[in-house]
Amino acid sequence: MGFMAWGFVTNFFTYETTKSVVVKSWSVGIINRIVQLLIIAYFVGWVFIHEKAYQVTDTGIESSVVTKVKGFSYHESNVMDVADYIFPPQGTGVFCIATKLIVTKNQFQGRCAESEQKFKCTTDEDCSPSPSHTPGVITGVCLKPSNDSAGFCEIEGWCPAENDKVTVDPMDVKNFTIFIKNSIRFPRFGVTRGNIPPTMTSKEIENCTYHPETYPLCPIFRVGDVLNYTGQNVSTLAIEGGEIGIIIEWKCNLDLDITYCLPKYTFTRLDAPFANNSVSKGYNFRFAKYFKGENGTEFRTLYKVFAIRFDVIVTGIAGKFNTIPTMINLVAAFTSVGLAAVLCDVILLNCLKGAEQYKARKFEEVSEAQIASINQSSGSCLSLRPDKSSCDSGAVSLSNSDQPL
Amino acid sequence: MGFMAWGFVTNFFTYETTKSVVVKSWSVGIINRIVQLLIIAYFVGWVFIHEKAYQVTDTGIESSVVTKVKGFSYHESNVMDVADYIFPPQGTGVFCIATKLIVTKNQFQGRCAESEQKFKCTTDEDCSPSPSHTPGVITGVCLKPSNDSAGFCEIEGWCPAENDKVTVDPMDVKNFTIFIKNSIRFPRFGVTRGNIPPTMTSKEIENCTYHPETYPLCPIFRVGDVLNYTGQNVSTLAIEGGEIGIIIEWKCNLDLDITYCLPKYTFTRLDAPFANNSVSKGYNFRFAKYFKGENGTEFRTLYKVFAIRFDVIVTGIAGKFNTIPTMINLVAAFTSVGLAAVLCDVILLNCLKGAEQYKARKFEEVSEAQIASINQSSGSCLSLRPDKSSCDSGAVSLSNSDQPL
Amino acid sequence: MGFMAWGFVTNFFTYETTKSVVVKSWSVGIINRIVQLLIIAYFVGWVFIHEKAYQVTDTGIESSVVTKVKGFSYHESNVMDVADYIFPPQGTGVFCIATKLIVTKNQFQGRCAESEQKFKCTTDEDCSPSPSHTPGVITGVCLKPSNDSAGFCEIEGWCPAENDKVTVDPMDVKNFTIFIKNSIRFPRFGVTRGNIPPTMTSKEIENCTYHPETYPLCPIFRVGDVLNYTGQNVSTLAIEGGEIGIIIEWKCNLDLDITYCLPKYTFTRLDAPFANNSVSKGYNFRFAKYFKGENGTEFRTLYKVFAIRFDVIVTGIAGKFNTIPTMINLVAAFTSVGLAAVLCDVILLNCLKGAEQYKARKFEEVSEAQIASINQSSGSCLSLRPDKSSCDSGAVSLSNSDQPL
């Protein structure tokens with residue numbers, strides 16, 4: 001029993017290495033090294049240096065955006081300030097700057113004539129209730145100034161009906177400035193960053209204006225510049241409204257010093273994918289201010305607001321060295337270097353002069369017939385290891401991955 | 001010196017290949033090939049074709065959502081239009097459609113009686129200031145119509161106090177339509193897409209209504225349909241309010257043509273995980289409209305708004321061929337195919353008839369004792385390579401990964 | 001032809017295994033097993049158990065947040081309730097609680113004197129139109145009480161101009177409570193969760209208050225507690241405003257029961273990265289309430305609101321067992337175990353006594369000269385496999401990855 005255990009221990013602590021054939025051939029040797037070199041170059045240059053495959057990445061960026069717009073401008077002889085033209089007022093990451101307002105004053109609940117051309121009518125039959133877009137419920141009556149003339153269908157709702165066909169000059173918003181405060185966090189690495197470099201002084205921040213080359217880290221953006229960077233026609237945008245994306249990209253290599261983790265601003269027109277569809281051009285919405293008359297009846301002023309909507313979109317990816325991808329890629333690299341051997345074996349055993357002899361040296365053949373004859377005449381000169389007794393030894397060594405997997 | 005360098009070069013450009021034993025045995029041979037076939041089938045079928053392990057993926061989707069609701073309906077004999085029932089008005093990705101309003105008109109700052117039953121009192125002692133939810137500060141006085149009857153505690157705040165126990169018929173919102181404009185970008189691949197196919201004409205877009213089978217790409221959704229798709233009771237939702245998720249899923253295989261990268265809409269009730277908790281049923285909020293009386297005092301109308309909140313949630317994953325995951329998975333595949341050898345070795349060396357002979361052929365044994373005796377009687381027949389002189393040669397070849405790693 | 005096919009089949013179903021040298025040396029054997037053990041320990045302990053490399057992860061969490069604030073407080077002798085101090089009112093994930101209001105009542109469009117010190121003037125020349133931040137357009141006139149005294153520049157816009165230098169006592173918001181309802185979904189795994197455990201009763205939810213140790217799952221947060229958790233000075237925050245992040249982290253191991261997938265709340269001051277920049281301290285915004293006078297002229301009350309903004313930020317990562325990363329890491333593990341052999345070979349062939357003999361046993365040398373001489377004298381004792389005729393056999397076996405790749 002003790003003898004068997006000892007036998008097991010001695011077998012366990014043997015070391016098994018593959019037997020190799022060393023081929024002293026310049027042609028195969030050079031091909032072998034060149035292929036290996038190419039594979040190593042690919043891994044070092046592309047996989048590790050360019051693609052940074054030794055890093056784990058975090059794209060689940062947490063972000064908080066605060067915006068503040070400054071500026072004032074004239075709209076129809078009124079001076080508009082921030083409280084008038086920003087929606088919503090709280091300085092969120094998505095906000096609108098109104099550029100053109102179509103105002104319908106003093107609307108009361110009641111019945112009145114429609115103003116749109118498609119609701120023109122001559123008889124009540126032309127005013128069948130339809131689900132299409134009206135500012136109120138069509139009552140089915142055709143309101144005509146006199147009995148024989150054409151008129152408009154009557155609606156029930158807020159009266160008078162809005163007429164959004166009027167021409168209004170848009171506000172000049174080019175000189176407004178947008179201040180953006182963005183703080184982010186990469187939760188996987190616990191890294192927190194803000195878009196204002198701590199090296200900037202208050203004075204510098206107050207007086208700078210973002211410029212891609214001269215001031216890429218200034219957090220204050222002139223609206224006119226932003227619109228220009230997107231390549232849009234500013235006056236069309238002011239008339240029809242539009243959606244502009246201010247994209248803050250955080251691409252951080254956390255293996256370097258944290259101060260290199262800086263934001264990059266890009267500007268894009270978000271409705272660009274819809275450029276072909278005329279239906280979705282521009283950006284507008286309606287809201288109302290509500291008032292109360294002396295007798296307590298409520299009335300409202302309806303605004304159709306054409307606005308430039310800014311979406312501050314924060315995106316980010318951070319990478320940091322981690323053992324697991326490094327190891328997996330190293331293993332892949334080493335194993336791939338072994339690929340050279342496959343190619344060289346093919347050349348050696350098939351294309352080279354004396355291939356048969358190389359085969360004879362590389363391969364030793366055992367057939368079932370041979371084994372059978374040996375079993376009959378035991379003690380043959382071929383049984384090189386008559387002292388190998390433990391039947392597990394092979395299995396032990398096999399299960400220990402000295403073998404190529 | 002030059003001789004040593006030359007020796008190093010010749011050794012460097014040798015090619016080392018493993019010496020193999022070729023076993024001509026049908027049983028082991030067939031097992032070997034079947035196991036290899038299974039492993040290859042797994043990698044090709046599951047890993048590469050099904051799981052697309054040759055792609056890198058981007059889940060950090062950038063998204064911008066614009067919504068526009070259309071429709072009007074009656075609420076307590078008033079016609080409500082978009083400016084009345086949409087919160088906030090700007091058409092953001094998260095918006096509410098008010099369905100029921102409990103209105104408390106003409107509130108002034110002052111003192112008055114509470115309206116809730118739990119603030120009923122008979123003496124001032126019943127009205128101890130409590131942090132619990134009241135519409136104002138409890139003053140500690142019990143207001144009673146006459147001295148002996150029961151009354152309500154007095155509060156200081158906006159008066160009269162809101163009574164939200166009144167029954168109000170909800171608005172019919174089923175025929176409202178929601179138009180959704182969603183533009184996305186996969187920053188890793190620089191791919192921008194919009195949810196309206198460029199092939200749709202303006203006329204088509206204006207007249208279509210989303211349907212999962214017949215019109216899966218129409219960006220206009222009927223509210224009643226959306227509520228039905230979530231399997232909710234529409235009238236309960238209108239009374240209590242609720243949260244509906246409109247999920248836009250972009251699952252894009254960028255190895256195919258970009259036109260196959262299309263959105264998929266699903267609808268879900270977002271408060272479903274809270275179905276068991278009665279406390280968090282429904283959705284409502286309060287807001288106020290402020291007015292000014294003739295004498296300049298401010299008063300307000302308080303609204304408790306029961307609303308259906310729609311969250312347009314955009315999610316996406318894009319995959320594209322990349323060499324690194326492809327290579328890692330190929331290496332894993334090739335290495336795994338080698339696993340067949342482990343299994344076959346176990347069978348060959350333990351289970352097969354003549355296993356001892358196979359072992360004898362596969363393994364060559366060297367013991368320290370043998371080496372010691374050879375060292376004494378140099379020039380033995382075992383020293384097959386007397387000309388191998390450079391002591392580095394083994395190390396050179398070893399460090400070059402001809403060896404299985 | 002049939003013979004050749006049969007030969008191909010027999011060659012295909014041979015099994016090729018590497019020939020190994022078994023070294024019976026205690027030193028190398030023990031080193032071999034220790035290195036293997038260390039590698040296995042690293043993979044099992046770090047890669048698989050600690051880093052859970054057998055899982056695929058999903059960070060593309062879909063989230064929906066509903067908030068509801070309760071409480072009331074005095075501001076300048078007025079009782080403020082939710083409708084007064086919450087912006088926006090709908091209960092979104094980003095909301096502000098106003099703490100201090102600077103009110104400028106009864107502003108009309110017109111001309112009036114500025115109130116800021118930097119617009120002090122003695123002559124009209126001091127009032128050159130500047131693009132800097134004023135509440136209106138500078139007309140270029142210096143308004144002076146009398147001809148010889150100093151005055152302020154005249155502006156055109158909403159008059160009177162705001163004077164935001166007044167001191168106002170902030171509201172006490174410490175006892176307000178925030179109720180957060182958050183439902184999430186991991187789209188990759190189709191798992192939906194809510195932040196209120198289904199085991200909590202309505203009564204429990206209504207009466208609990210979040211505490212990191214005693215009540216970590218209660219969804220109701222006292223504002224004062226939240227501010228304390230961030231380590232901020234509450235009274236400074238109330239005066240200047242600030243941005244607080246309520247981070248809900250979902251870290252879910254979906255291999256365990258789904259009930260272990262619970263939220264974790266952390267609290268942070270979001271403007272912390274800007275602590276060094278005095279310019280961006282605090283948080284405030286302006287909005288206006290609009291009124292109409294008897295004669296129909298519109299006027300407004302401007303509010304400069306200092307507020308505490310709460311951003312409910314939801315972040316999450318879910319992991320679940322998947323065959324592909326498991327397999328890749330297993331392959332890497334097995335291959336790495338083979339690294340032990342490289343180390344042992346170096347020791348065996350260079351450092352050990354009798355290294356030359358080990359080399360002689362491990363390496364069999366074939367030189368081009370030998371092959372040439374054999375080719376001349378065919379039938380040599382070295383041609384062990386004279387019956388190996390098919391020239392493809394080597395290639396077949398090579399292309400089948402019995403070879404280490």
# chains A, B, ... in the order shown; residues from 1 in each chain; ligands from 1
call {"tool": "interface_residues", "arguments": {"of": "chain C", "to": "chain B", "cutoff": "7 Å", "atoms": "only C-alpha atoms", "output": "PyMOL selection string"}}
result
chain C and resi 13-25+60+62+70-72+78-79+81+83+89-91+183+193-194+196+198+201-202+291+324+328+331+335-336+338-339+342+346+349-350+354+357+360+365+401-402+404-405
call {"tool": "select_by_dssp", "arguments": {"residues": "segment 104-316 of chain C", "states": "alpha helix (DSSP H)", "output": "mmCIF file with N, CA, C and O atoms, in the first residue's frame"}}
result
data_model
loop_
_atom_site.group_PDB
_atom_site.id
_atom_site.type_symbol
_atom_site.label_atom_id
_atom_site.label_comp_id
_atom_site.auth_asym_id
_atom_site.auth_seq_id
_atom_site.Cartn_x
_atom_site.Cartn_y
_atom_site.Cartn_z
ATOM 1 N N SER C 202 -47.553 48.300 2.128
ATOM 2 C CA SER C 202 -47.843 49.714 1.882
ATOM 3 C C SER C 202 -47.579 50.535 3.130
ATOM 4 O O SER C 202 -47.028 51.629 3.075
ATOM 5 N N LYS C 203 -47.984 49.973 4.278
ATOM 6 C CA LYS C 203 -47.821 50.695 5.549
ATOM 7 C C LYS C 203 -46.345 50.960 5.817
ATOM 8 O O LYS C 203 -45.947 52.066 6.207
ATOM 9 N N GLU C 204 -45.526 49.932 5.565
ATOM 10 C CA GLU C 204 -44.095 50.039 5.791
ATOM 11 C C GLU C 204 -43.503 51.122 4.891
ATOM 12 O O GLU C 204 -42.721 51.963 5.343
ATOM 13 N N ILE C 205 -43.884 51.107 3.618
ATOM 14 C CA ILE C 205 -43.336 52.078 2.678
ATOM 15 C C ILE C 205 -43.722 53.496 3.079
ATOM 16 O O ILE C 205 -42.917 54.419 3.043
ATOM 17 N N GLU C 206 -44.963 53.664 3.503
ATOM 18 C CA GLU C 206 -45.423 55.015 3.853
ATOM 19 C C GLU C 206 -44.706 55.598 5.061
ATOM 20 O O GLU C 206 -44.561 56.799 5.193
ATOM 21 N N ASN C 207 -44.269 54.715 5.960
ATOM 22 C CA ASN C 207 -43.715 55.221 7.219
ATOM 23 C C ASN C 207 -42.196 55.154 7.318
ATOM 24 O O ASN C 207 -41.620 55.681 8.263
ATOM 25 N N VAL C 223 -34.624 64.944 2.839
ATOM 26 C CA VAL C 223 -33.682 65.826 2.154
ATOM 27 C C VAL C 223 -32.475 66.130 3.041
ATOM 28 O O VAL C 223 -31.326 66.100 2.598
ATOM 29 N N GLY C 224 -32.740 66.403 4.321
ATOM 30 C CA GLY C 224 -31.642 66.707 5.247
ATOM 31 C C GLY C 224 -30.643 65.564 5.343
ATOM 32 O O GLY C 224 -29.423 65.784 5.363
ATOM 33 N N ASP C 225 -31.153 64.325 5.362
ATOM 34 C CA ASP C 225 -30.264 63.164 5.413
ATOM 35 C C ASP C 225 -29.411 63.083 4.156
ATOM 36 O O ASP C 225 -28.203 62.895 4.221
ATOM 37 N N VAL C 226 -30.070 63.239 3.006
ATOM 38 C CA VAL C 226 -29.347 63.132 1.735
ATOM 39 C C VAL C 226 -28.207 64.143 1.699
ATOM 40 O O VAL C 226 -27.073 63.808 1.344
ATOM 41 N N LEU C 227 -28.493 65.382 2.119
ATOM 42 C CA LEU C 227 -27.454 66.410 2.099
ATOM 43 C C LEU C 227 -26.339 66.047 3.080
ATOM 44 O O LEU C 227 -25.155 66.247 2.795
ATOM 45 N N ASN C 228 -26.704 65.479 4.224
ATOM 46 C CA ASN C 228 -25.678 65.063 5.181
ATOM 47 C C ASN C 228 -24.803 63.942 4.617
ATOM 48 O O ASN C 228 -23.594 63.941 4.805
ATOM 49 N N TYR C 229 -25.424 62.974 3.939
ATOM 50 C CA TYR C 229 -24.647 61.857 3.383
ATOM 51 C C TYR C 229 -23.586 62.343 2.400
ATOM 52 O O TYR C 229 -22.549 61.734 2.228
ATOM 53 N N VAL C 234 -25.369 72.096 4.851
ATOM 54 C CA VAL C 234 -26.752 72.236 4.391
ATOM 55 C C VAL C 234 -27.150 73.703 4.236
ATOM 56 O O VAL C 234 -27.794 74.075 3.260
ATOM 57 N N SER C 235 -26.721 74.551 5.169
ATOM 58 C CA SER C 235 -27.182 75.939 5.087
ATOM 59 C C SER C 235 -26.527 76.667 3.907
ATOM 60 O O SER C 235 -27.168 77.486 3.255
ATOM 61 N N THR C 236 -25.266 76.354 3.600
ATOM 62 C CA THR C 236 -24.631 76.940 2.419
ATOM 63 C C THR C 236 -25.359 76.507 1.152
ATOM 64 O O THR C 236 -25.613 77.312 0.252
ATOM 65 N N LEU C 237 -25.696 75.223 1.099
ATOM 66 C CA LEU C 237 -26.421 74.702 -0.058
ATOM 67 C C LEU C 237 -27.745 75.433 -0.239
ATOM 68 O O LEU C 237 -28.132 75.781 -1.364
ATOM 69 N N ALA C 238 -28.440 75.674 0.856
ATOM 70 C CA ALA C 238 -29.749 76.319 0.768
ATOM 71 C C ALA C 238 -29.608 77.749 0.261
ATOM 72 O O ALA C 238 -30.474 78.242 -0.462
ATOM 73 N N ILE C 239 -28.504 78.427 0.607
ATOM 74 C CA ILE C 239 -28.316 79.815 0.182
ATOM 75 C C ILE C 239 -27.847 79.892 -1.270
ATOM 76 O O ILE C 239 -28.371 80.659 -2.066
ATOM 77 N N GLU C 240 -26.871 79.065 -1.623
ATOM 78 C CA GLU C 240 -26.272 79.160 -2.964
ATOM 79 C C GLU C 240 -26.879 78.202 -3.977
ATOM 80 O O GLU C 240 -26.656 78.346 -5.168
#
call {"tool": "atom_distance", "arguments": {"atom1": "atom CA of Thr167 of chain A", "atom2": "atom CA of Arg111 of chain C"}}
result
27.5 Å
call {"tool": "select_by_dssp", "arguments": {"residues": "segment 76-183 of chain A", "states": "strand (DSSP E or B)", "output": "ChimeraX atom specification"}}
result
/A:78-80,86-87,94-113,120-121,136-143,151-159,177-183
call {"tool": "write_last_selection", "arguments": {"atoms": "C-alpha atoms", "output": "compact mmCIF listing (two decimals), in the first residue's frame"}}
result
# COMPACT_ATOMS: atom_id res chain seq x y z
CA ASN A 78 -40.02 93.43 -27.10
CA VAL A 79 -36.76 92.71 -25.32
CA MET A 80 -36.66 89.01 -24.46
CA ILE A 86 -35.59 79.35 -22.38
CA PHE A 87 -37.69 76.18 -22.04
CA VAL A 94 -31.97 69.38 -23.04
CA PHE A 95 -33.26 72.92 -23.50
CA CYS A 96 -34.80 75.11 -26.15
CA ILE A 97 -34.07 78.67 -27.15
CA ALA A 98 -37.19 80.15 -28.68
CA THR A 99 -36.44 82.03 -31.87
CA LYS A 100 -39.89 82.87 -33.23
CA LEU A 101 -43.24 83.13 -31.48
CA ILE A 102 -46.64 83.09 -33.13
CA VAL A 103 -48.92 84.61 -30.52
CA THR A 104 -52.67 84.15 -30.36
CA LYS A 105 -53.87 86.47 -27.64
CA ASN A 106 -56.99 86.33 -25.48
CA GLN A 107 -58.35 82.90 -26.28
CA PHE A 108 -61.56 81.97 -24.44
CA GLN A 109 -63.44 78.67 -24.44
CA GLY A 110 -66.25 79.00 -26.96
CA ARG A 111 -67.23 78.60 -30.59
CA CYS A 112 -65.65 80.38 -33.52
CA ALA A 113 -64.53 79.97 -37.12
CA LYS A 120 -63.17 76.59 -45.90
CA CYS A 121 -66.78 75.73 -46.58
CA GLY A 136 -60.80 72.26 -31.58
CA VAL A 137 -63.87 70.12 -32.16
CA ILE A 138 -65.67 70.74 -35.45
CA THR A 139 -69.28 71.35 -34.71
CA GLY A 140 -70.55 70.75 -38.25
CA VAL A 141 -71.70 74.30 -38.86
CA CYS A 142 -70.31 76.44 -41.66
CA LEU A 143 -69.90 80.02 -40.54
CA GLY A 151 -66.80 80.81 -44.97
CA PHE A 152 -65.00 78.59 -42.47
CA CYS A 153 -66.20 75.66 -40.41
CA GLU A 154 -67.10 76.38 -36.82
CA ILE A 155 -65.05 74.82 -34.06
CA GLU A 156 -65.64 74.48 -30.35
CA GLY A 157 -62.60 75.10 -28.20
CA TRP A 158 -60.22 77.98 -27.55
CA CYS A 159 -61.34 80.95 -29.61
CA THR A 177 -23.88 82.16 -24.93
CA ILE A 178 -24.38 78.72 -23.44
CA PHE A 179 -22.42 77.77 -20.37
CA ILE A 180 -22.20 74.01 -19.86
CA LYS A 181 -21.22 72.32 -16.63
CA ASN A 182 -20.82 68.59 -17.01
CA SER A 183 -19.63 66.24 -14.33
call {"tool": "decode", "arguments": {"residues": "segment 134-171 of chain B", "atoms": "C-alpha atoms", "output": "PDB file, in the first residue's frame"}}
result
ATOM      1  CA  THR B 134     -50.929  68.217   4.875  1.00  0.00           C
ATOM      2  CA  PRO B 135     -51.316  71.001   2.333  1.00  0.00           C
ATOM      3  CA  GLY B 136     -50.055  73.497   4.925  1.00  0.00           C
ATOM      4  CA  VAL B 137     -48.860  74.071   8.461  1.00  0.00           C
ATOM      5  CA  ILE B 138     -51.210  72.917  11.206  1.00  0.00           C
ATOM      6  CA  THR B 139     -51.740  75.805  13.557  1.00  0.00           C
ATOM      7  CA  GLY B 140     -53.107  73.751  16.448  1.00  0.00           C
ATOM      8  CA  VAL B 141     -56.600  75.219  16.371  1.00  0.00           C
ATOM      9  CA  CYS B 142     -59.704  73.122  15.794  1.00  0.00           C
ATOM     10  CA  LEU B 143     -62.142  74.996  13.609  1.00  0.00           C
ATOM     11  CA  LYS B 144     -65.734  74.033  14.443  1.00  0.00           C
ATOM     12  CA  PRO B 145     -68.951  75.429  12.992  1.00  0.00           C
ATOM     13  CA  SER B 146     -70.443  75.615  16.486  1.00  0.00           C
ATOM     14  CA  ASN B 147     -68.953  74.999  19.900  1.00  0.00           C
ATOM     15  CA  ASP B 148     -70.235  71.490  20.485  1.00  0.00           C
ATOM     16  CA  SER B 149     -69.890  69.957  17.014  1.00  0.00           C
ATOM     17  CA  ALA B 150     -66.908  68.267  15.343  1.00  0.00           C
ATOM     18  CA  GLY B 151     -64.747  70.236  12.914  1.00  0.00           C
ATOM     19  CA  PHE B 152     -61.428  70.236  11.077  1.00  0.00           C
ATOM     20  CA  CYS B 153     -57.987  71.388  12.154  1.00  0.00           C
ATOM     21  CA  GLU B 154     -56.898  74.791  10.974  1.00  0.00           C
ATOM     22  CA  ILE B 155     -53.948  75.067   8.588  1.00  0.00           C
ATOM     23  CA  GLU B 156     -51.872  77.974   7.445  1.00  0.00           C
ATOM     24  CA  GLY B 157     -51.012  77.996   3.771  1.00  0.00           C
ATOM     25  CA  TRP B 158     -52.898  78.155   0.481  1.00  0.00           C
ATOM     26  CA  CYS B 159     -56.612  78.358   1.270  1.00  0.00           C
ATOM     27  CA  PRO B 160     -59.081  76.842   0.677  1.00  0.00           C
ATOM     28  CA  ALA B 161     -57.452  73.425   1.149  1.00  0.00           C
ATOM     29  CA  GLU B 162     -57.575  70.979  -1.715  1.00  0.00           C
ATOM     30  CA  ASN B 163     -60.186  68.252  -1.593  1.00  0.00           C
ATOM     31  CA  ASP B 164     -58.882  65.509  -3.858  1.00  0.00           C
ATOM     32  CA  LYS B 165     -61.655  63.056  -3.014  1.00  0.00           C
ATOM     33  CA  VAL B 166     -64.022  64.490  -5.610  1.00  0.00           C
ATOM     34  CA  THR B 167     -64.931  62.351  -8.563  1.00  0.00           C
ATOM     35  CA  VAL B 168     -64.011  63.734 -11.949  1.00  0.00           C
ATOM     36  CA  ASP B 169     -64.565  62.005 -15.263  1.00  0.00           C
ATOM     37  CA  PRO B 170     -61.283  61.455 -17.051  1.00  0.00           C
ATOM     38  CA  MET B 171     -60.598  62.781 -20.487  1.00  0.00           C
TER      39      MET B 171
END
